[in-house]
Structures are given as structure tokens and as C-alpha cells.
$ cat data24.cif   # mmCIF, C-alpha atoms and all ligand atoms
data_target
loop_
_atom_site.label_atom_id
_atom_site.label_comp_id
_atom_site.auth_asym_id
_atom_site.auth_seq_id
_atom_site.Cartn_x
_atom_site.Cartn_y
_atom_site.Cartn_z
CA MET A 2 136.48 -34.31 -123.74
CA GLU A 3 140.12 -34.78 -124.76
CA THR A 4 142.79 -36.67 -122.82
CA LYS A 5 143.53 -33.44 -121.06
CA ALA A 6 140.53 -31.28 -120.22
CA THR A 7 141.05 -27.83 -121.67
CA ARG A 8 137.78 -26.23 -120.63
CA ARG A 9 138.00 -24.23 -117.44
CA PHE A 10 135.41 -21.91 -115.99
CA ARG A 11 135.35 -18.83 -113.82
CA PHE A 12 133.09 -18.93 -110.81
CA GLY A 13 130.88 -15.85 -110.55
CA THR A 14 128.06 -15.37 -108.10
CA SER A 15 125.80 -17.98 -109.64
CA LEU A 16 126.15 -20.96 -111.95
CA THR A 17 125.64 -20.21 -115.63
CA SER A 18 123.57 -22.44 -117.88
CA GLU A 19 126.78 -23.25 -119.77
CA GLN A 20 128.42 -24.46 -116.55
CA LEU A 21 125.36 -26.51 -115.62
CA ASP A 22 125.22 -28.11 -119.09
CA TYR A 23 128.93 -28.90 -119.03
CA PHE A 24 128.68 -30.49 -115.59
CA HIS A 25 125.62 -32.54 -116.48
CA GLU A 26 127.28 -33.84 -119.61
CA HIS A 27 130.67 -34.76 -118.14
CA GLY A 28 130.05 -35.22 -114.42
CA ILE A 29 132.91 -32.88 -113.56
CA ILE A 30 133.77 -29.20 -113.88
CA GLN A 31 136.91 -27.17 -113.14
CA PHE A 32 136.83 -23.58 -111.89
CA SER A 33 140.10 -21.64 -112.19
CA ALA A 34 141.34 -19.59 -109.26
CA PHE A 35 138.36 -20.22 -106.98
CA VAL A 36 140.58 -18.85 -104.22
CA ASP A 37 143.67 -16.67 -104.62
CA LYS A 38 147.24 -17.68 -103.79
CA ALA A 39 147.22 -15.88 -100.43
CA THR A 40 144.19 -17.93 -99.38
CA VAL A 41 145.93 -21.11 -100.53
CA ALA A 42 148.90 -20.19 -98.33
CA ASP A 43 146.59 -19.49 -95.36
CA LEU A 44 144.80 -22.80 -95.82
CA LEU A 45 148.08 -24.73 -96.05
CA ARG A 46 149.35 -23.06 -92.88
CA GLU A 47 146.12 -23.92 -91.08
CA ILE A 48 146.22 -27.52 -92.31
CA ARG A 49 149.78 -27.87 -91.00
CA ALA A 50 148.71 -26.52 -87.62
CA THR A 51 145.79 -28.95 -87.54
CA GLU A 52 148.11 -31.81 -88.46
CA ARG A 53 150.57 -30.86 -85.71
CA TYR A 54 147.72 -30.80 -83.20
CA LEU A 55 146.46 -34.24 -84.24
CA LEU A 56 149.99 -35.69 -84.08
CA HIS A 57 150.65 -34.08 -80.71
CA LYS A 58 147.39 -35.41 -79.27
CA ARG A 59 148.06 -38.82 -80.82
CA ILE A 60 144.69 -38.82 -82.49
CA VAL A 61 144.53 -41.68 -84.99
CA LYS A 62 140.83 -41.74 -85.83
CA VAL A 63 138.17 -39.06 -86.06
CA ASN A 64 134.51 -40.12 -85.75
CA GLY A 65 135.45 -43.65 -86.72
CA ILE A 66 137.49 -42.58 -89.75
CA PRO A 67 141.18 -43.53 -89.50
CA LEU A 68 143.74 -40.86 -90.30
CA LYS A 69 146.44 -42.02 -92.69
CA PHE A 70 150.02 -41.58 -91.50
CA GLY A 71 153.27 -41.58 -93.43
CA GLN A 72 156.72 -40.05 -93.39
CA ASP A 73 157.40 -36.85 -95.24
CA VAL A 74 160.39 -36.03 -97.45
CA SER A 75 162.34 -35.05 -94.34
CA GLY A 76 161.47 -38.32 -92.62
CA ALA A 77 159.15 -36.58 -90.17
CA PRO A 78 155.78 -38.20 -89.46
CA PHE A 79 152.89 -36.49 -91.18
CA ILE A 80 149.24 -37.14 -91.92
CA GLN A 81 148.34 -38.00 -95.49
CA ARG A 82 144.60 -38.10 -95.04
CA ILE A 83 142.77 -36.07 -92.44
CA ALA A 84 139.02 -36.58 -92.02
CA PHE A 85 136.73 -33.99 -90.41
CA ALA A 86 139.56 -31.46 -90.57
CA SER A 87 137.24 -28.54 -89.87
CA HIS A 88 136.43 -30.01 -86.44
CA TYR A 89 139.92 -28.94 -85.37
CA SER A 90 140.11 -25.55 -87.01
CA PRO A 91 137.88 -22.48 -86.80
CA MET A 92 139.42 -21.19 -90.03
CA LEU A 93 138.57 -24.35 -91.97
CA ARG A 94 135.11 -24.32 -90.42
CA GLU A 95 134.71 -20.74 -91.58
CA PHE A 96 135.84 -21.67 -95.06
CA LEU A 97 132.99 -24.19 -95.28
CA ARG A 98 130.60 -21.29 -94.66
CA ASP A 99 131.74 -19.53 -97.87
CA PRO A 100 128.41 -18.78 -99.59
CA ARG A 101 129.98 -19.69 -102.92
CA LEU A 102 130.24 -23.31 -101.81
CA ALA A 103 126.51 -23.35 -101.11
CA VAL A 104 125.89 -22.04 -104.64
CA LEU A 105 127.61 -25.14 -106.01
CA SER A 106 124.81 -27.32 -104.69
CA GLY A 107 122.86 -25.98 -107.67
CA LEU A 108 124.75 -28.64 -109.65
CA LEU A 109 122.50 -31.20 -107.92
CA GLY A 110 119.48 -29.93 -109.81
CA ASP A 111 116.25 -30.53 -107.92
CA TYR A 112 117.97 -31.99 -104.88
CA GLU A 113 118.65 -29.88 -101.83
CA GLY A 114 122.36 -30.16 -101.06
CA ARG A 115 124.23 -29.29 -97.87
CA ILE A 116 127.89 -29.12 -96.91
CA GLY A 117 128.69 -32.40 -95.16
CA GLU A 118 130.77 -30.99 -92.36
CA ASN A 119 129.70 -33.67 -89.85
CA GLU A 120 128.75 -36.46 -92.22
CA LYS A 121 130.59 -39.08 -94.26
CA ASP A 122 134.30 -38.19 -93.80
CA GLY A 123 133.59 -34.47 -93.36
CA LEU A 124 136.18 -32.10 -94.79
CA VAL A 125 139.00 -34.33 -96.04
CA VAL A 126 142.57 -33.24 -96.63
CA ASN A 127 144.57 -35.54 -98.92
CA HIS A 128 148.33 -35.18 -99.02
CA TYR A 129 150.19 -37.23 -101.62
CA VAL A 130 153.96 -37.36 -101.96
CA ASN A 131 156.44 -39.87 -103.36
CA THR A 132 159.00 -40.87 -100.78
CA PRO A 133 160.19 -44.37 -99.88
CA SER A 134 157.96 -44.36 -96.79
CA SER A 135 155.00 -42.43 -98.07
CA ALA A 136 151.74 -44.27 -97.47
CA PHE A 137 149.84 -42.37 -100.13
CA ARG A 138 151.04 -41.78 -103.69
CA GLN A 139 148.03 -42.72 -105.78
CA LEU A 140 144.44 -43.87 -105.46
CA GLY A 141 142.85 -46.63 -107.54
CA TRP A 142 139.68 -46.37 -109.61
CA HIS A 143 136.50 -45.76 -107.66
CA THR A 144 133.34 -43.72 -107.40
CA ASP A 145 132.45 -42.00 -104.15
CA SER A 146 128.89 -43.33 -104.08
CA PRO A 147 128.87 -46.94 -102.88
CA ARG A 148 130.07 -45.71 -99.51
CA ASP A 149 126.38 -45.06 -98.99
CA LEU A 150 125.68 -48.74 -99.63
CA PHE A 151 128.38 -49.79 -97.17
CA LEU A 152 126.79 -47.48 -94.67
CA GLY A 153 123.49 -49.27 -95.18
CA GLY A 154 121.77 -46.63 -97.24
CA ARG A 155 120.92 -46.25 -100.88
CA ILE A 156 122.85 -44.18 -103.34
CA LEU A 157 121.83 -40.55 -103.22
CA PRO A 158 123.15 -37.77 -105.39
CA MET A 159 126.21 -36.07 -103.98
CA LEU A 160 129.03 -33.80 -105.13
CA ASN A 161 132.66 -33.95 -104.16
CA VAL A 162 134.23 -30.52 -104.26
CA GLY A 163 138.03 -30.48 -104.46
CA LEU A 164 140.01 -27.39 -103.61
CA HIS A 165 143.48 -27.92 -105.00
CA LEU A 166 146.34 -26.51 -102.95
CA ASP A 167 149.33 -27.34 -105.16
CA ASP A 168 149.93 -26.79 -108.84
CA CYS A 169 149.49 -30.10 -110.59
CA PRO A 170 149.90 -30.01 -114.36
CA TYR A 171 148.62 -33.07 -116.19
CA GLU A 172 152.17 -34.41 -116.52
CA ASN A 173 152.51 -34.58 -112.71
CA GLY A 174 149.67 -37.09 -112.43
CA GLY A 175 146.72 -36.23 -110.20
CA LEU A 176 143.02 -36.58 -110.81
CA ARG A 177 141.88 -38.76 -113.73
CA VAL A 178 138.20 -39.29 -114.53
CA LEU A 179 135.98 -41.17 -116.96
CA PRO A 180 133.69 -38.39 -118.15
CA GLY A 181 130.01 -39.22 -118.44
CA THR A 182 130.13 -42.29 -116.18
CA HIS A 183 127.99 -40.47 -113.60
CA THR A 184 124.86 -41.41 -115.58
CA GLN A 185 125.62 -45.13 -115.80
CA GLY A 186 123.33 -47.67 -114.14
CA LEU A 187 123.91 -49.24 -110.75
CA PHE A 188 125.63 -52.30 -112.25
CA ARG A 189 128.40 -50.26 -113.88
CA LEU A 190 128.68 -48.06 -110.85
CA LEU A 191 129.46 -51.14 -108.82
CA PHE A 192 131.40 -53.32 -111.23
CA LYS A 193 132.92 -51.26 -114.05
CA LYS A 194 136.34 -51.59 -112.44
CA ARG A 195 137.72 -53.24 -109.34
CA TYR A 196 137.30 -50.68 -106.60
CA PHE A 197 140.59 -49.15 -105.40
CA ILE A 198 142.64 -52.11 -106.62
CA ASP A 199 142.77 -51.14 -110.29
CA ASN A 200 145.30 -48.37 -111.01
CA THR A 201 145.53 -48.98 -114.75
CA PRO A 202 145.11 -45.94 -116.98
CA ASP A 203 142.00 -46.12 -119.16
CA LYS A 204 142.13 -44.99 -122.79
CA LYS A 205 139.03 -42.89 -122.20
CA GLU A 206 140.31 -41.19 -119.05
CA VAL A 207 140.74 -37.44 -118.83
CA GLY A 208 143.19 -35.47 -116.69
CA PHE A 209 143.58 -31.82 -115.83
CA ASP A 210 146.03 -28.98 -115.66
CA ILE A 211 145.47 -27.80 -112.13
CA ALA A 212 146.77 -24.63 -110.52
CA ALA A 213 146.78 -24.10 -106.77
CA GLY A 214 143.48 -22.39 -105.94
CA ASP A 215 141.47 -24.23 -108.61
CA LEU A 216 138.31 -26.05 -107.71
CA THR A 217 136.97 -29.23 -109.25
CA VAL A 218 133.49 -30.52 -108.60
CA HIS A 219 132.59 -34.08 -109.52
CA ASP A 220 129.42 -36.09 -109.27
CA GLY A 221 129.79 -38.81 -106.60
CA ARG A 222 128.90 -41.46 -109.18
CA LEU A 223 131.74 -40.53 -111.57
CA TRP A 224 134.57 -43.07 -111.93
CA HIS A 225 137.89 -41.46 -110.99
CA ARG A 226 141.37 -42.20 -109.66
CA VAL A 227 144.58 -40.40 -108.75
CA GLN A 228 147.60 -41.02 -111.00
CA GLN A 229 150.88 -41.22 -109.15
CA SER A 230 153.36 -38.46 -109.90
CA PRO A 231 156.33 -39.57 -112.03
CA PHE A 232 158.51 -37.36 -109.81
CA GLN A 233 159.99 -38.00 -106.39
CA GLY A 234 160.02 -35.85 -103.29
CA GLU A 235 158.93 -32.22 -103.27
CA LYS A 236 157.92 -32.10 -106.92
CA SER A 237 155.44 -34.90 -106.35
CA ARG A 238 153.64 -33.15 -103.49
CA ARG A 239 149.91 -32.77 -104.03
CA ARG A 240 147.48 -31.49 -101.41
CA VAL A 241 143.76 -31.23 -102.00
CA MET A 242 140.81 -30.61 -99.70
CA TYR A 243 137.52 -32.38 -100.41
CA ILE A 244 134.20 -31.01 -99.32
CA PRO A 245 131.19 -33.30 -99.68
CA ILE A 246 127.89 -31.74 -100.71
CA ILE A 247 125.23 -34.26 -99.80
CA THR A 248 121.51 -34.89 -99.91
CA GLY A 249 119.03 -37.00 -97.96
CA ALA A 250 118.52 -37.39 -94.23
CA TYR A 251 121.06 -35.75 -91.94
CA GLN A 252 123.40 -38.48 -90.69
CA PRO A 253 126.07 -36.92 -88.51
CA LYS A 254 129.00 -38.99 -87.29
CA THR A 255 130.13 -38.97 -83.68
CA VAL A 256 133.08 -40.27 -81.68
CA ASP A 257 131.12 -43.50 -81.30
CA SER A 258 130.70 -44.03 -85.03
CA PRO A 259 132.08 -47.38 -86.20
CA THR A 260 134.86 -47.58 -88.78
CA PRO A 261 133.20 -48.27 -92.13
CA PHE A 262 134.20 -51.48 -93.89
CA TYR A 263 135.68 -49.65 -96.88
CA HIS A 264 138.28 -48.01 -94.70
CA LYS A 265 139.50 -51.41 -93.59
CA LEU A 266 139.73 -52.30 -97.27
CA GLY A 267 141.69 -49.12 -97.76
CA GLN A 268 144.27 -50.14 -95.17
CA LEU A 269 144.92 -53.39 -97.00
CA ARG A 270 145.02 -51.66 -100.35
CA LEU A 271 147.50 -49.00 -99.43
CA ASN A 272 149.96 -51.33 -97.82
CA PRO A 273 150.04 -54.21 -100.30
CA SER A 274 153.56 -55.17 -99.33
CA GLY A 275 152.40 -55.79 -95.81
CA THR A 276 154.40 -52.82 -94.57
CA ARG A 277 152.75 -51.39 -91.53
CA PHE A 278 152.99 -47.76 -90.69
CA THR A 279 153.00 -47.23 -87.00
CA ASN A 280 150.81 -44.46 -85.78
CA PRO A 281 152.88 -41.96 -83.84
O1 LIG B 1 142.88 -36.63 -104.40
C1 LIG B 1 142.01 -36.52 -105.24
O2 LIG B 1 142.00 -35.65 -106.09
C2 LIG B 1 140.88 -37.50 -105.25
C3 LIG B 1 140.63 -38.14 -103.94
C4 LIG B 1 139.45 -39.03 -103.99
O3 LIG B 1 138.98 -39.39 -105.02
C5 LIG B 1 138.82 -39.46 -102.75
O4 LIG B 1 139.39 -39.19 -101.66
O5 LIG B 1 137.75 -40.09 -102.81
FE FE B 2 137.00 -40.16 -104.76
#

$ encode --input "data24.cif" --output "C-alpha cells" --more "lines below"
Ligand SMILES: O=C(O)CCC(=O)C(=O)O
Ligand SMILES: [Fe+2]
Amino acid sequence: METKATRRFRFGTSLTSEQLDYFHEHGIIQFSAFVDKATVADLLREIRATERYLLHKRIVKVNGIPLKFGQDVSGAPFIQRIAFASHYSPMLREFLRDPRLAVLSGLLGDYEGRIGENEKDGLVVNHYVNTPSSAFRQLGWHTDSPRDLFLGGRILPMLNVGLHLDDCPYENGGLRVLPGTHTQGLFRLLFKKRYFIDNTPDKKEVGFDIAAGDLTVHDGRLWHRVQQSPFQGEKSRRRVMYIPIITGAYQPKTVDSPTPFYHKLGQLRLNPSGTRFTNP
């Protein structure tokens, strides 16, 4: 792969052998226009409604997972990471039932995958923007897998499916990955980089030209990060929904679920200056 991935696929009704080979080699695949622009607009409207509801109800944590608050370009409070978003929206819940998402679990090979609506962090909505009081502009290097270890389990195959809701050309930052690292051993998975703390670009990293409506699927073991946008304000806005496709025993979260350790780490990491963002 080059510095900027140029290969994009079209999603049909099933995965082609070319798509499967590409994914197995690189640990990530991009599908252009998985949903059309009207659907993107509908999803964004629904996410805003969900966000307003959560703010109004002063909900700060869902099933043990803290929501991440910041201030938008206008200065208004907003939520920069929503967990279990579909629990508050019939439309988002319906979206998770799209049979095409189930087809993607074919990327797991012999493993039986399922949409993790009630597990891990559920349907996640990330909202990045550069403003002086934004709490979320970038995300350091990590894989999505050791969360299983923190949760007391072993690492099982999983996919993270990202539905991108803003255009994000390579030059605007966004997702960066180290292709092929999904097949590394456990040692590299744990120690290749310092989890979430390291934001340094890697000479082998690859980025993407993303259009709103595109879908990326990455293997949970792939090293990846989010590069901060060089722009400020509106032009830096990047919203993406993540749907986990998981394997193994069903482990639903409930209101009584404890906050996992890595989320406490996350709080420290995202506010290195010691700035505290008060939950509305
Ligand atoms: O925002 C993204 O594209 C990546 C987010 C991510 O890696 C995560 O939430 O684990
Ligand atoms: Fe991730």
C-alpha cells in the first residue's frame, strides 16, 4: 500500500474473493458510497437528535462507558463520543439491521460474527473538531483488541466497521493505519507503540481519501490512529460511526456494568493539560 490508499471497492450483495484477499493482506478495506448522501444526512440528523436527548437528560455514561463532552464551534456543549447510540434511536437500531452489515462478517473467515449492539461500546459515534475547547481532535496509536484483555477475556477476532459521515480527504487528517499489523503476534499487538499516548506519524502509515457515505472495515488487531486536522473549526469536523462485529460468547453490557480501566486512561490522555470538561 502507498502512503495514501488508492484502492477502493464497491459493495455488492456479497464479498468478492478480491475483496477478501485485499482485506486479509492489509487488515483494512474501504468501500465507496456504502450509503448515499441522503442517508448520510438522515443519520446526521438522527445523531443530533440523540445527542440533544442525552444532553437534556444529563446522561454522562451509558452502560459504564463515559460519553465525551466538549464545546462545539459555536461554544455550545456537544458530545464527541457517544457509546451505545442505537439504544436511544430506533433509526440507528434499524440501521444496524441492514443485511449488508451482516455480510461483512464474512471478513472474519471461519468465525461467526455478530453486530455488537449491546456489547463492548455498542454503536459508537465519534465527533472530532478543532476548537479551543474541543475535547477530541485526534486519537493516538492503538489497536481495538486489548480491550478484551482489560475486560478479562482473551483476544478474539473482531472487525470495526466505520461509516464515515463527513468528507475527509487525506490532507484533512483522519484515519491512519499500519497495514498488515493485524497478523502480528501478541507481543507486537501489546507493545509496538505506546497505547493512545503516541501520536507520532509512522513512515509506514497509510491514510485515505474518504467521502461521506464511505465505509471502512478494519481488523481489531490492526494498529491505527486518527491524525488531527490541520484546519480549525468547521473544516476540521469529522464524524464517524463505528459498529463492532464480534465473536465469542455473548457479553452484553447493562446499566450496572463497571467503567473499564482503559476509559479512565482515556480521560487522562485526552486532557493532558489537566483541563477538566464539566459534564453539562
Ligand atoms: O475515528 C476513527 O476513525 C477511529 C476511531 C477509533 O479508532 C476508535 O474509536 O477506536
Ligand atoms: Fe480504534

$ residues_near_ligand --input "data24.cif" --ligand "ligand LIG 1 (chain B)" --cutoff "7 Å" --atoms "all atoms listed in the file" --output "MDAnalysis selection string"
chainID A and resid 127 145 163 175:176 225:227 241

$ axis_aligned_box --input "data24.cif" --around "segment 197-208 of chain A" --padding-each-side "3 Å" --output "lines of an AutoDock Vina configuration file"
center_x = 142.3
center_y = -43.8
center_z = -114.1
size_x = 12.5
size_y = 22.6
size_z = 23.4

$ closest_residue --input "data24.cif" --among "A:Phe85, A:Phe188, A:Tyr112, A:Phe79" --to "Ser134 of chain A" --atoms "only C-alpha atoms"
A:Phe79

$ residues_near_ligand --input "data24.cif" --ligand "ligand FE 2 (chain B)" --cutoff "9 Å" --atoms "only C-alpha atoms and all ligand atoms" --output "ChimeraX atom specification"
/A:140,142-146,161,219,221,223-227,243

$ atom_distance --input "data24.cif" --atom1 "atom CA of Tyr54 of chain A" --atom2 "atom CA of Pro100 of chain A"
28.0 Å

$ residues_around --input "data24.cif" --residues "segment 12-25 of chain A" --least-positions-apart "6" --cutoff "9 Å" --atoms "all atoms listed in the file" --output "short mmCIF file (atom, residue, chain, number, x, y, z; two decimals) with C-alpha atoms, keeping the file's coordinate frame"
data_model
loop_
_atom_site.label_atom_id
_atom_site.label_comp_id
_atom_site.auth_asym_id
_atom_site.auth_seq_id
_atom_site.Cartn_x
_atom_site.Cartn_y
_atom_site.Cartn_z
CA PHE A 32 136.83 -23.58 -111.89
CA SER A 33 140.10 -21.64 -112.19
CA ALA A 34 141.34 -19.59 -109.26
CA PHE A 35 138.36 -20.22 -106.98
CA ARG A 101 129.98 -19.69 -102.92
CA VAL A 104 125.89 -22.04 -104.64
CA LEU A 105 127.61 -25.14 -106.01
CA GLY A 107 122.86 -25.98 -107.67
CA LEU A 108 124.75 -28.64 -109.65
CA GLY A 110 119.48 -29.93 -109.81
CA GLY A 181 130.01 -39.22 -118.44
CA HIS A 183 127.99 -40.47 -113.60
CA THR A 184 124.86 -41.41 -115.58
CA VAL A 218 133.49 -30.52 -108.60
CA HIS A 219 132.59 -34.08 -109.52
CA ASP A 220 129.42 -36.09 -109.27
#

$ residues_around --input "data24.cif" --residues "Pro133 of chain A" --least-positions-apart "4" --cutoff "10 Å" --atoms "all atoms listed in the file" --output "compact mmCIF listing (two decimals) with C-alpha atoms, keeping the file's coordinate frame"
# COMPACT_ATOMS: atom_id res chain seq x y z
CA GLY A 71 153.27 -41.58 -93.43
CA GLN A 72 156.72 -40.05 -93.39
CA ASP A 73 157.40 -36.85 -95.24
CA VAL A 74 160.39 -36.03 -97.45
CA GLY A 76 161.47 -38.32 -92.62
CA GLN A 233 159.99 -38.00 -106.39
CA GLY A 234 160.02 -35.85 -103.29

$ residues_around --input "data24.cif" --residues "Ala77 of chain A" --least-positions-apart "6" --cutoff "12 Å" --atoms "only C-alpha atoms" --output "short mmCIF file (atom, residue, chain, number, x, y, z; two decimals) with C-alpha atoms, in the frame of the given file"
data_model
loop_
_atom_site.label_atom_id
_atom_site.label_comp_id
_atom_site.auth_asym_id
_atom_site.auth_seq_id
_atom_site.Cartn_x
_atom_site.Cartn_y
_atom_site.Cartn_z
CA ARG A 53 150.57 -30.86 -85.71
CA LEU A 56 149.99 -35.69 -84.08
CA PHE A 70 150.02 -41.58 -91.50
CA GLY A 71 153.27 -41.58 -93.43
CA THR A 132 159.00 -40.87 -100.78
CA SER A 134 157.96 -44.36 -96.79
CA SER A 135 155.00 -42.43 -98.07
CA PRO A 281 152.88 -41.96 -83.84
#

$ atom_distance --input "data24.cif" --atom1 "atom CA of Ala136 of chain A" --atom2 "atom CA of Pro78 of chain A"
10.8 Å

$ closest_residue --input "data24.cif" --among "A:Thr4, A:Ile247, A:Val256, A:Ile66" --to "Asp203 of chain A" --atoms "only C-alpha atoms"
A:Thr4

$ closest_residue --input "data24.cif" --among "A:Leu109, A:Leu164, A:Val36, A:Leu150" --to "Thr217 of chain A" --atoms "only C-alpha atoms"
A:Leu164

$ decode --input "data24.cif" --residues "segment 162-176 of chain A" --atoms "N, CA and C atoms" --output "tab-separated table (two decimals), in the first residue's frame"
chain	number	residue	atom	x	y	z
A	162	VAL	N	-16.23	-1.57	12.02
A	162	VAL	CA	-16.80	-1.07	10.77
A	162	VAL	C	-17.08	0.42	10.95
A	163	GLY	N	-16.43	1.25	10.15
A	163	GLY	CA	-16.61	2.70	10.28
A	163	GLY	C	-17.44	3.25	9.13
A	164	LEU	N	-18.55	3.89	9.48
A	164	LEU	CA	-19.33	4.58	8.44
A	164	LEU	C	-19.02	6.06	8.57
A	165	HIS	N	-18.40	6.60	7.54
A	165	HIS	CA	-17.89	7.97	7.58
A	165	HIS	C	-18.98	8.95	7.13
A	166	LEU	N	-19.17	10.00	7.94
A	166	LEU	CA	-20.31	10.89	7.72
A	166	LEU	C	-19.89	12.29	7.25
A	167	ASP	N	-18.59	12.49	7.13
A	167	ASP	CA	-18.08	13.75	6.54
A	167	ASP	C	-17.03	13.38	5.50
A	168	ASP	N	-16.89	14.23	4.50
A	168	ASP	CA	-15.78	14.06	3.58
A	168	ASP	C	-14.50	14.29	4.37
A	169	CYS	N	-13.52	13.45	4.15
A	169	CYS	CA	-12.24	13.67	4.82
A	169	CYS	C	-11.12	13.23	3.89
A	170	PRO	N	-10.71	14.13	2.99
A	170	PRO	CA	-9.55	13.80	2.15
A	170	PRO	C	-8.32	13.60	3.02
A	171	TYR	N	-7.38	12.87	2.50
A	171	TYR	CA	-6.14	12.55	3.22
A	171	TYR	C	-5.55	13.79	3.89
A	172	GLU	N	-5.56	14.90	3.18
A	172	GLU	CA	-4.93	16.14	3.66
A	172	GLU	C	-5.62	16.72	4.89
A	173	ASN	N	-6.85	16.29	5.17
A	173	ASN	CA	-7.57	16.76	6.36
A	173	ASN	C	-7.27	15.93	7.59
A	174	GLY	N	-6.37	14.96	7.48
A	174	GLY	CA	-6.10	14.07	8.61
A	174	GLY	C	-7.03	12.88	8.56
A	175	GLY	N	-7.46	12.41	9.72
A	175	GLY	CA	-8.35	11.25	9.77
A	175	GLY	C	-7.61	9.95	10.01
A	176	LEU	N	-8.23	8.87	9.60
A	176	LEU	CA	-7.73	7.54	9.92
A	176	LEU	C	-6.38	7.25	9.28
